[in-house]
Every structure is written in C-alpha cells, then in structure tokens.
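Read the structure below first, then the notes.
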Amino acid sequence: MAASNTNRYSSYTNASVGSGSDGKNGDKERKDLWSSMLDSVASAKRLPEKNILLLGGTVDSQREFFESLSNSEQRRTLDRNGSRMPPIANSFALGYTYYDVLDADQEDTLARISLYTLTNPSPTFASLLRPLLTPQSIPNTLIVILLDWSQPWKWMRQLREWILLLRTVLISLSNECMETMEEVMVSWRDRGRGGGTNLDGTSALPVADDGIALPLGPGEWEDALGLPLCVVAQNAEKMEYLEKTQGWKEEEFDVVLQFMRTVLLKHGASLIYTTPSAPSQLPSLIHSSLGIHSLLKKQPLKHNVIDRDKIVVPPNWDSWGKIRVLREGFDVERVSNGWTVDLDQPFPRPQPNSTAIAATNGHTADDNDDETFDNHPEEEYDHGPEDDGGDPEGSSVRLYESAVQDPTMDALQLAGRPDLSADLEVSVEDTQTFLGEQLKVLESYKQKDEKAAMRGGDNDSSRPGYKLPIHRKPAADEDEATNGSNGNYLRPTEARVLEHIGPVQFNMGGIQVDADDMVQRLKDRQVYSTPSEPASPVDDDGSATEVAPPMDTENLQAFFHGLMNRRGGTAK
C-alpha cells in the first residue's frame, strides 16, 4: 500500500510538473491566436487605397472635378461625423487632396481616393510623378486628363503634350514597375471580352464555347500607356455658346467627337462630357475604373453617343465602325496614323530660334490657314521650328486644328494685327468725339469740292451731271463665304456668324437703327448730292447750253394775288 501510494504521489507530482510546461506553451499559442485575430480585424477595417493622377485644366476646374466626385458623399460624411472637409492644395506644382467613397447606404466606406493634381505639362514636373508610381500603387492608379469646352480647338495639342509627358515618366520606371503595368494593361484589354465581368462589375456577354476572347479591332489598344486613362471634357454647356456666337453646327461637334474617339481608342481610354449643373455618370465611370463597386446597389455604366452634351464612351466599347457611323467622310485611319506620328516627336519640343520666330510672325493669313498656334506660357516649348510650327507632316494635331479653327486667330488675321495677342477687347472712343472727327473730314471734302467747282476746267467732278462711282454690290447668288455685304473678303467662319446673327442694330436716342441701312443711306446721299454752285450744263457734243434766267418772284406773286381778287369779286 505504501509503495502504491508512493508511486501514485510521484506520478501526480510528475504530472503536475509536466502540465506546467504545457500551460506555458498554451498561453503562448493563445497570445498568437489573439494577435492573428486582431490583425485580421484591422486588415478588414483598413480602407483600400486608390490613386488618381489629375492632369490638365485650371485650379478652379480641378476643384469642380473634385466636388463632382465627392460633394454629396462628403456632405453626408460631415453631417454624420462632424469633421471638416479635406482641403484642396493645388495652387502650386503637384497638388493633393483625398475623399472617401461611401456605399449606397452611406454607412460603409468602400475606399479612400487620393488625388494628385498637376496643371502644367512641363517636363520639369516629371520628377514629381515618378515617386507616385510603384509596383504596389500601379494596379490602383487611374490617370484623368481634363479638357474644357471653352477652347475645344486646343484639345488635341493639349492631349498630345500630356501623353508625351506620361511616356517620359513611365519609361523611366523600374523593371518591376514595367512588369506590373504590363499585367494591368492585359487585364484591362481583356476585360469584358472573354466573359468575366465588365468595367462596372456586371457580367459580360458570353463568348464562344471554346473560351476564346473577342479579337481586337483595327486601331484598338495599339499604344497602351501602362495605366488606365480617362479624358473628361468639362463645361459642356458652352457648346450652346459656340453655336450662337461662333456659328458652330452639328458637323463641327461631330468632328471633335470623332477625333477624340479615334485617338483615345489607341490607348484603350474612356471619354465623358460633363456639365456642372447636370448629373452625369462621371462618379460611376471613375470609381468603376478604380475597381470600386457598391456592395448593395449595382450602377451599370451605359454608353451615350447620341446626346452631344452627355457623351459617355467606356473603355473596350468603341471601334472604327462606330466612329464612322457618326458622320460620313471622316478618315479614321488617317487620323489614327497621324496620332502615331505625333507621339513619335521628341519631348520636350525644341524651342524655336529667333529666325524661326521672325519667319512665323511674318506669315500672312493665307500661309496660316492650316495652322493654329496656342499662345499661352505653359506651352511655349511646343512651338518648334519644324514644319511651320513644330507639327510634322501628316500630324493629327494639324488635321484637327485645320478642321476646328480658333476663331480668335481668324479675327486677328483679318484685322491684320502684327502681334499674336488673343485679347479681343478693344477700346471704343466717345460717340461725340468720333462724330466731331468725321465732321472735320466731311468739311475737308466739301472745301475740295468748292475749290474744284470754282476752278472748273476739264475735271469731271465739277460737272453737274457727274456722279461719284458706285461700288458694285455682290449679286444675291454669290457665295457669302467669299464676299460680304460691302464686297470685302470674309472667311467661312465669319460668313456663318453674320448669317446667324443677322443685321447689326444699335439704339440711338431711343430709336433702333440698322447700321448697314444707315451706311447705305449716307453713301446714296453722298452720291446724288450736287455741288453748291453748279456750272453750266454741258451737252453730249461738249457745247454749253443756255441757262434759263432766274424767275421773277414778284410778278408771280402779283399774278396769284390777282386771281384771288377775281374769284372774290365773282362771288359777290
């Protein structure tokens, strides 16, 4: 019994000692378990980070873009959390701001988007963009280029400069970044083509049974940048202003859209027109491009190429056939090849020397009919001496600017101003001052006519039957694009504007006066006016005819007075 008790005791003691070591290991395992659980919860609550490189536009237009994406969501967030709206620091060089994307119920936060802004495509800013592109950030980055409908004739040139700047940045990245960009572009190119899901998260149309994806059409994804691209044309409400003041018609708007769709098709990019006061699909397009989808409510992204101020062209939707249908006569292949020529140019563009500048300034209006120059400081490096302004032969930029001309440059060339200032404001002198100067001119003409009448001689202008030469008015069936109402040369743009706005009228002393009619009356009065002291009229054979003696007014008065008295006596 004692032995058994001893063994039992020793075994209990040994078991107790062994359980102590096992307890330490168990505590360590429990700590590791809690750490892993806390890490998983923290990672679940960690917001996905997305980046947008916002290029182009102005400080104000970039703020409008930011507000169009985050305005409604930010207001609800501020009301719920009582926090302040993040500031927008985009006044100098590379700007930054951020906002949170909320779900449909406005409760859950889907992602946090960081916006990096840049307004000037200067090559000196390339070093600011390189640190933003890493193997970790590239799959979560979207490039957005802003354009403005206030100056649509500059779009192709601005787009070219931004893409050349991006190329300079992307080709200087590491090999690891290059491999990541290639993977991103392959996934974007195949999105929606092999079944799977579309950009907006909806299911794509099924393909053939063998699982082969749809092939690429001509001009599609020929020049992938390495990052997804979206072009936003702001202030679409100014299209109506162009229609009223510049004489734009549907043809001009269609040409702009065809050019943009053709060049963006080469990069697999998307296009959208926005209006500040109207709702649009901009948030859906931007968030879908970043892979942000609502968990509660699907928002399908619909294309729209019918409403001219609500254009939406998603990636992997467009094709050459759809572009040609918009308007006949558009050479989509030529524009696509010309865009390749444009992107083969060096960046930054070489500065023109003094000889090239003098030659450019010395061009006449006819020499510059096919060229439009953008004269603003941030694009001075764009005007090289090559081929009359830096655009190579076959350039899409040249084709675009010849089809969509800058009306300010047309006005400056018509006015014959030596400078290339884009300022349309002119100083107008006072009306009385102008009339006083014109009175002096008329007095000088009057004195010349009097001297000519007194001098007589063989001068035809001294003859009473002489009439001043009348300028021939153009026939009614003449082309108004060539001859205006006064016989002067008019450009097609000016002729369309004059036809659109009608006659020029102004108010003078409460009376509505037609300017053209007033000028014509003054010309007719000057033509049919006779000299103050006419000389003897001359017959066709050159001999002077006799002039009737002046009439005796006293005899006439006595004659009529006698008639009146005779009638009075008969009545009696």
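Within each chain, counting starts at residue 1; across the structure tokens, chains are named A, B, ... in the order shown, with ligands numbered 1 upward in that order.
Using only C-alpha atoms, the contacts of Asp100 (chain A) at a cut-off of 7 Å, with sequence neighbours closer than 6 positions omitted, comprise Thr109, Ala111, Arg112 and Ile113 of chain A.
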Suppose we keep N, CA, C and O atoms; can you now write the selection as an mmCIF file, in the first residue's frame?
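Result written to out.cif:
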```
data_model
loop_
_atom_site.group_PDB
_atom_site.id
_atom_site.type_symbol
_atom_site.label_atom_id
_atom_site.label_comp_id
_atom_site.auth_asym_id
_atom_site.auth_seq_id
_atom_site.Cartn_x
_atom_site.Cartn_y
_atom_site.Cartn_z
ATOM 1 N N THR A 109 -17.715 52.665 -45.728
ATOM 2 C CA THR A 109 -16.734 53.309 -46.595
ATOM 3 C C THR A 109 -16.062 52.248 -47.450
ATOM 4 O O THR A 109 -15.466 51.294 -46.935
ATOM 5 N N ALA A 111 -13.692 52.827 -50.049
ATOM 6 C CA ALA A 111 -12.286 53.086 -50.359
ATOM 7 C C ALA A 111 -11.976 54.551 -50.085
ATOM 8 O O ALA A 111 -12.877 55.386 -49.943
ATOM 9 N N ARG A 112 -10.712 54.829 -50.020
ATOM 10 C CA ARG A 112 -10.227 56.213 -49.908
ATOM 11 C C ARG A 112 -9.404 56.533 -51.149
ATOM 12 O O ARG A 112 -8.462 55.815 -51.489
ATOM 13 N N ILE A 113 -9.784 57.617 -51.814
ATOM 14 C CA ILE A 113 -9.133 58.006 -53.063
ATOM 15 C C ILE A 113 -8.254 59.223 -52.814
ATOM 16 O O ILE A 113 -8.722 60.238 -52.276
#
```
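Of the residues in region 204-359 of chain A, those that DSSP places in strand (DSSP E or B) on the basis of the backbone are Leu229, Cys230, Val231, Val232, Ala233, Gln234, Ser270, Leu271, Ile272, Tyr273, Asn304, Val312 and Val313 of chain A.
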Please save N, CA, C and O atoms of the selected residues as a JSON list (two decimals), in the first residue's frame.
```
[["chain", "number", "residue", "atom", "x", "y", "z"],
["A", 229, "LEU", "N", -6.63, 55.22, -68.61],
["A", 229, "LEU", "CA", -6.75, 56.65, -68.90],
["A", 229, "LEU", "C", -8.22, 57.00, -69.11],
["A", 229, "LEU", "O", -8.96, 56.25, -69.76],
["A", 230, "CYS", "N", -8.61, 58.14, -68.56],
["A", 230, "CYS", "CA", -9.95, 58.68, -68.74],
["A", 230, "CYS", "C", -9.83, 60.17, -69.06],
["A", 230, "CYS", "O", -9.13, 60.91, -68.36],
["A", 231, "VAL", "N", -10.51, 60.62, -70.14],
["A", 231, "VAL", "CA", -10.50, 62.02, -70.55],
["A", 231, "VAL", "C", -11.86, 62.62, -70.24],
["A", 231, "VAL", "O", -12.90, 62.08, -70.65],
["A", 232, "VAL", "N", -11.87, 63.73, -69.51],
["A", 232, "VAL", "CA", -13.10, 64.40, -69.08],
["A", 232, "VAL", "C", -13.14, 65.77, -69.74],
["A", 232, "VAL", "O", -12.25, 66.60, -69.53],
["A", 233, "ALA", "N", -14.17, 66.01, -70.56],
["A", 233, "ALA", "CA", -14.39, 67.31, -71.20],
["A", 233, "ALA", "C", -15.42, 68.07, -70.38],
["A", 233, "ALA", "O", -16.61, 67.74, -70.40],
["A", 234, "GLN", "N", -14.98, 69.08, -69.66],
["A", 234, "GLN", "CA", -15.85, 69.82, -68.75],
["A", 234, "GLN", "C", -16.60, 70.94, -69.47],
["A", 234, "GLN", "O", -16.28, 71.32, -70.59],
["A", 270, "SER", "N", -11.20, 56.02, -71.97],
["A", 270, "SER", "CA", -12.61, 56.38, -71.94],
["A", 270, "SER", "C", -12.76, 57.88, -72.08],
["A", 270, "SER", "O", -11.82, 58.64, -71.84],
["A", 271, "LEU", "N", -13.98, 58.31, -72.46],
["A", 271, "LEU", "CA", -14.27, 59.73, -72.70],
["A", 271, "LEU", "C", -15.65, 60.05, -72.14],
["A", 271, "LEU", "O", -16.59, 59.25, -72.27],
["A", 272, "ILE", "N", -15.77, 61.24, -71.53],
["A", 272, "ILE", "CA", -17.04, 61.66, -70.97],
["A", 272, "ILE", "C", -17.13, 63.18, -71.01],
["A", 272, "ILE", "O", -16.13, 63.87, -70.79],
["A", 273, "TYR", "N", -18.33, 63.71, -71.36],
["A", 273, "TYR", "CA", -18.62, 65.14, -71.30],
["A", 273, "TYR", "C", -19.41, 65.41, -70.01],
["A", 273, "TYR", "O", -20.34, 64.65, -69.69],
["A", 304, "ASN", "N", -23.19, 56.50, -74.27],
["A", 304, "ASN", "CA", -24.09, 57.51, -74.83],
["A", 304, "ASN", "C", -23.30, 58.31, -75.87],
["A", 304, "ASN", "O", -22.39, 59.06, -75.51],
["A", 312, "VAL", "N", -20.71, 59.62, -73.30],
["A", 312, "VAL", "CA", -20.01, 58.66, -72.45],
["A", 312, "VAL", "C", -19.52, 57.52, -73.33],
["A", 312, "VAL", "O", -20.34, 56.83, -73.96],
["A", 313, "VAL", "N", -18.21, 57.35, -73.40],
["A", 313, "VAL", "CA", -17.61, 56.27, -74.19],
["A", 313, "VAL", "C", -16.75, 55.45, -73.23],
["A", 313, "VAL", "O", -15.62, 55.82, -72.92]]
```
Close residues, Pro392 (chain A) itself excluded, 10 Å, only C-alpha atoms, min 6 positions apart in chain, as a PDB file with N, CA, C and O atoms, in the first residue's frame:
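Okay, this is what ended up in out-v3.pdb:
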```pdb
ATOM      1  N   GLY A 338      -1.896  59.443 -88.058  1.00  0.00           N
ATOM      2  CA  GLY A 338      -1.316  60.739 -87.728  1.00  0.00           C
ATOM      3  C   GLY A 338      -1.029  60.892 -86.254  1.00  0.00           C
ATOM      4  O   GLY A 338      -0.067  61.573 -85.855  1.00  0.00           O
ATOM      5  N   VAL A 341       2.248  59.443 -85.515  1.00  0.00           N
ATOM      6  CA  VAL A 341       3.316  60.380 -85.908  1.00  0.00           C
ATOM      7  C   VAL A 341       3.496  61.451 -84.841  1.00  0.00           C
ATOM      8  O   VAL A 341       4.629  61.835 -84.508  1.00  0.00           O
ATOM      9  N   ASP A 342       2.414  61.940 -84.282  1.00  0.00           N
ATOM     10  CA  ASP A 342       2.505  62.977 -83.245  1.00  0.00           C
ATOM     11  C   ASP A 342       3.246  62.475 -82.011  1.00  0.00           C
ATOM     12  O   ASP A 342       4.034  63.212 -81.410  1.00  0.00           O
ATOM     13  N   ASP A 344       5.505  60.256 -81.852  1.00  0.00           N
ATOM     14  CA  ASP A 344       6.903  59.933 -82.125  1.00  0.00           C
ATOM     15  C   ASP A 344       7.810  61.151 -82.040  1.00  0.00           C
ATOM     16  O   ASP A 344       9.026  61.018 -82.247  1.00  0.00           O
ATOM     17  N   GLN A 345       7.245  62.310 -81.738  1.00  0.00           N
ATOM     18  CA  GLN A 345       8.050  63.528 -81.650  1.00  0.00           C
ATOM     19  C   GLN A 345       8.786  63.584 -80.311  1.00  0.00           C
ATOM     20  O   GLN A 345       8.334  63.026 -79.313  1.00  0.00           O
ATOM     21  N   GLU A 386      10.174  73.080 -86.641  1.00  0.00           N
ATOM     22  CA  GLU A 386       9.967  72.064 -87.676  1.00  0.00           C
ATOM     23  C   GLU A 386       8.627  72.254 -88.356  1.00  0.00           C
ATOM     24  O   GLU A 386       7.584  72.280 -87.724  1.00  0.00           O
ATOM     25  N   ARG A 398      -2.394  68.752 -86.592  1.00  0.00           N
ATOM     26  CA  ARG A 398      -2.563  69.689 -87.709  1.00  0.00           C
ATOM     27  C   ARG A 398      -3.915  69.484 -88.393  1.00  0.00           C
ATOM     28  O   ARG A 398      -4.614  70.450 -88.709  1.00  0.00           O
TER      29      ARG A 398
END
```
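Excluding Ser280 (chain A) itself and same-chain residues fewer than 5 positions from it, the residues having an atom within 12 Å of it are Phe65, Ser68, Leu69, Val232, Gln234, Ala236, Ile272, Tyr273, Thr274, Thr275, Leu285, Ile286, Leu301, Lys302, His303, Asn304, Asp309, Lys310, Ile311 and Val312 of chain A, counting only C-alpha atoms.
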Keeping only N, CA and C atoms, write those residues as a CSV table (one decimal), in the first residue's frame.
```
chain,number,residue,atom,x,y,z
A,65,PHE,N,-14.0,69.3,-60.6
A,65,PHE,CA,-14.0,67.9,-60.8
A,65,PHE,C,-14.0,67.1,-59.4
A,68,SER,N,-17.5,67.3,-58.0
A,68,SER,CA,-18.5,66.5,-58.7
A,68,SER,C,-18.3,65.0,-58.3
A,69,LEU,N,-17.2,64.6,-57.8
A,69,LEU,CA,-17.0,63.2,-57.3
A,69,LEU,C,-17.4,63.0,-55.9
A,232,VAL,N,-11.9,63.7,-69.5
A,232,VAL,CA,-13.1,64.4,-69.1
A,232,VAL,C,-13.1,65.8,-69.7
A,234,GLN,N,-15.0,69.1,-69.7
A,234,GLN,CA,-15.9,69.8,-68.8
A,234,GLN,C,-16.6,70.9,-69.5
A,236,ALA,N,-19.7,71.3,-70.7
A,236,ALA,CA,-20.4,71.0,-72.0
A,236,ALA,C,-21.5,72.0,-72.3
A,272,ILE,N,-15.8,61.2,-71.5
A,272,ILE,CA,-17.0,61.7,-71.0
A,272,ILE,C,-17.1,63.2,-71.0
A,273,TYR,N,-18.3,63.7,-71.4
A,273,TYR,CA,-18.6,65.1,-71.3
A,273,TYR,C,-19.4,65.4,-70.0
A,274,THR,N,-19.1,66.5,-69.3
A,274,THR,CA,-19.8,66.8,-68.1
A,274,THR,C,-20.2,68.2,-68.1
A,275,THR,N,-21.3,68.5,-67.3
A,275,THR,CA,-21.8,69.8,-67.1
A,275,THR,C,-22.0,70.0,-65.6
A,285,LEU,N,-18.1,56.2,-63.7
A,285,LEU,CA,-17.0,55.8,-64.6
A,285,LEU,C,-15.7,55.8,-63.8
A,286,ILE,N,-15.4,56.8,-63.0
A,286,ILE,CA,-14.2,57.0,-62.3
A,286,ILE,C,-14.0,55.8,-61.2
A,301,LEU,N,-22.8,51.0,-66.1
A,301,LEU,CA,-22.3,52.1,-66.9
A,301,LEU,C,-22.8,52.0,-68.3
A,302,LYS,N,-23.5,53.0,-68.8
A,302,LYS,CA,-24.1,53.0,-70.1
A,302,LYS,C,-23.4,54.0,-71.0
A,303,HIS,N,-23.2,53.5,-72.2
A,303,HIS,CA,-22.6,54.4,-73.2
A,303,HIS,C,-23.6,55.3,-73.8
A,304,ASN,N,-23.2,56.5,-74.3
A,304,ASN,CA,-24.1,57.5,-74.8
A,304,ASN,C,-23.3,58.3,-75.9
A,309,ASP,N,-24.2,66.7,-75.4
A,309,ASP,CA,-23.6,67.2,-74.2
A,309,ASP,C,-23.5,66.2,-73.1
A,310,LYS,N,-23.8,64.9,-73.4
A,310,LYS,CA,-23.8,63.9,-72.3
A,310,LYS,C,-23.1,62.7,-72.9
A,311,ILE,N,-22.0,62.9,-73.6
A,311,ILE,CA,-21.3,61.8,-74.2
A,311,ILE,C,-20.6,60.9,-73.2
A,312,VAL,N,-20.7,59.6,-73.3
A,312,VAL,CA,-20.0,58.7,-72.4
A,312,VAL,C,-19.5,57.5,-73.3
```
Checklist entry - Near region 154-159 of chain A, counting only C-alpha atoms, which residues have an atom at most 8 Å away, once you skip same-chain residues fewer than 3 positions from it, shown as a PyMOL selection string? => result chain A and resi 145+147+151+162-163+260+374+396-397+400-401
Just write the chosen residues, all heavy atoms, as a tab-separated table (two decimals), in the first residue's frame.
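As written to disk, out-v3.tsv reads:
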```tsv
chain	number	residue	atom	x	y	z
A	145	ILE	N	-7.35	63.16	-67.51
A	145	ILE	CA	-6.93	64.39	-68.20
A	145	ILE	C	-8.17	65.25	-68.40
A	145	ILE	O	-9.17	64.80	-68.95
A	145	ILE	CB	-6.27	64.08	-69.55
A	145	ILE	CG1	-4.99	63.26	-69.32
A	145	ILE	CG2	-5.93	65.37	-70.29
A	145	ILE	CD1	-4.27	62.89	-70.61
A	147	LEU	N	-10.15	68.44	-70.03
A	147	LEU	CA	-10.26	69.37	-71.14
A	147	LEU	C	-11.45	70.28	-70.90
A	147	LEU	O	-12.30	69.99	-70.04
A	147	LEU	CB	-10.44	68.62	-72.47
A	147	LEU	CG	-9.33	67.62	-72.82
A	147	LEU	CD1	-9.68	66.86	-74.08
A	147	LEU	CD2	-7.99	68.32	-72.99
A	151	GLN	N	-12.44	76.01	-75.02
A	151	GLN	CA	-11.40	76.05	-76.05
A	151	GLN	C	-11.23	74.67	-76.67
A	151	GLN	O	-10.20	74.02	-76.52
A	151	GLN	CB	-10.07	76.54	-75.47
A	151	GLN	CG	-10.10	77.97	-74.98
A	151	GLN	CD	-8.80	78.38	-74.33
A	151	GLN	OE1	-8.10	77.57	-73.74
A	151	GLN	NE2	-8.44	79.64	-74.46
A	162	TRP	N	0.28	66.02	-72.76
A	162	TRP	CA	0.15	65.23	-71.53
A	162	TRP	C	0.60	63.79	-71.74
A	162	TRP	O	1.26	63.20	-70.87
A	162	TRP	CB	-1.29	65.28	-71.03
A	162	TRP	CG	-1.64	66.56	-70.34
A	162	TRP	CD1	-2.55	67.49	-70.73
A	162	TRP	CD2	-1.07	67.05	-69.12
A	162	TRP	NE1	-2.59	68.54	-69.84
A	162	TRP	CE2	-1.70	68.29	-68.84
A	162	TRP	CE3	-0.10	66.57	-68.24
A	162	TRP	CZ2	-1.38	69.05	-67.71
A	162	TRP	CZ3	0.22	67.33	-67.12
A	162	TRP	CH2	-0.42	68.55	-66.87
A	163	ILE	N	0.25	63.21	-72.87
A	163	ILE	CA	0.64	61.82	-73.12
A	163	ILE	C	2.16	61.72	-73.32
A	163	ILE	O	2.79	60.75	-72.86
A	163	ILE	CB	-0.13	61.28	-74.33
A	163	ILE	CG1	-1.62	61.14	-73.97
A	163	ILE	CG2	0.44	59.93	-74.77
A	163	ILE	CD1	-2.47	60.58	-75.08
A	260	MET	N	-11.52	62.76	-81.09
A	260	MET	CA	-11.19	62.32	-79.74
A	260	MET	C	-11.38	60.81	-79.59
A	260	MET	O	-10.54	60.13	-78.99
A	260	MET	CB	-12.07	63.07	-78.73
A	260	MET	CG	-11.84	64.57	-78.68
A	260	MET	SD	-10.12	65.00	-78.29
A	260	MET	CE	-9.97	64.28	-76.67
A	374	ASP	N	-1.22	77.92	-80.25
A	374	ASP	CA	-1.73	78.14	-78.91
A	374	ASP	C	-0.70	78.99	-78.16
A	374	ASP	O	0.36	78.50	-77.79
A	374	ASP	CB	-1.93	76.81	-78.17
A	374	ASP	CG	-2.96	75.97	-78.89
A	374	ASP	OD1	-3.83	76.54	-79.57
A	374	ASP	OD2	-2.88	74.75	-78.75
A	396	SER	N	-1.97	64.47	-86.74
A	396	SER	CA	-3.39	64.57	-86.40
A	396	SER	C	-3.71	65.90	-85.76
A	396	SER	O	-4.83	66.41	-85.90
A	396	SER	CB	-3.79	63.43	-85.46
A	396	SER	OG	-3.75	62.19	-86.13
A	397	VAL	N	-2.75	66.48	-85.05
A	397	VAL	CA	-2.97	67.79	-84.45
A	397	VAL	C	-3.18	68.83	-85.54
A	397	VAL	O	-4.06	69.70	-85.45
A	397	VAL	CB	-1.78	68.18	-83.55
A	397	VAL	CG1	-1.95	69.59	-83.01
A	397	VAL	CG2	-1.64	67.19	-82.41
A	400	TYR	N	-6.61	68.28	-87.07
A	400	TYR	CA	-7.67	68.71	-86.16
A	400	TYR	C	-7.81	70.22	-86.14
A	400	TYR	O	-8.91	70.77	-86.20
A	400	TYR	CB	-7.37	68.18	-84.76
A	400	TYR	CG	-8.37	68.59	-83.71
A	400	TYR	CD1	-9.58	67.93	-83.59
A	400	TYR	CD2	-8.11	69.63	-82.82
A	400	TYR	CE1	-10.51	68.29	-82.62
A	400	TYR	CE2	-9.02	70.01	-81.87
A	400	TYR	CZ	-10.23	69.33	-81.76
A	400	TYR	OH	-11.13	69.71	-80.80
A	401	GLU	N	-6.69	70.91	-86.06
A	401	GLU	CA	-6.74	72.37	-85.96
A	401	GLU	C	-7.11	73.02	-87.28
A	401	GLU	O	-7.53	74.18	-87.29
A	401	GLU	CB	-5.39	72.89	-85.45
A	401	GLU	CG	-5.12	72.50	-84.01
A	401	GLU	CD	-3.79	73.02	-83.51
A	401	GLU	OE1	-3.00	73.51	-84.34
A	401	GLU	OE2	-3.53	72.92	-82.29
```
Applying 12 Å and only C-alpha atoms, which residues near region 135-143 of chain A remain after dropping the ones on its own chain fewer than 5 positions away? List them as a PyMOL selection string. chain A and resi 48-56+111-118+129-130+162-163+166+170+173-188+225-232+267+269-270+285-292
(message) Nearest residue to Leu216 (chain A) out of A:Glu251, A:Glu333, A:Asp516, A:Asp318, using only C-alpha atoms?
(response)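 Between A:Glu251, A:Glu333, A:Asp516, A:Asp318, the residue approaching Leu216 (chain A) most closely is A:Asp318.
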| What does the distance from CA of Gly219 (chain A) to CA of Leu265 (chain A) come to in Å, to one decimal? |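 Distance reported for this atom pair: 6.5 Å.
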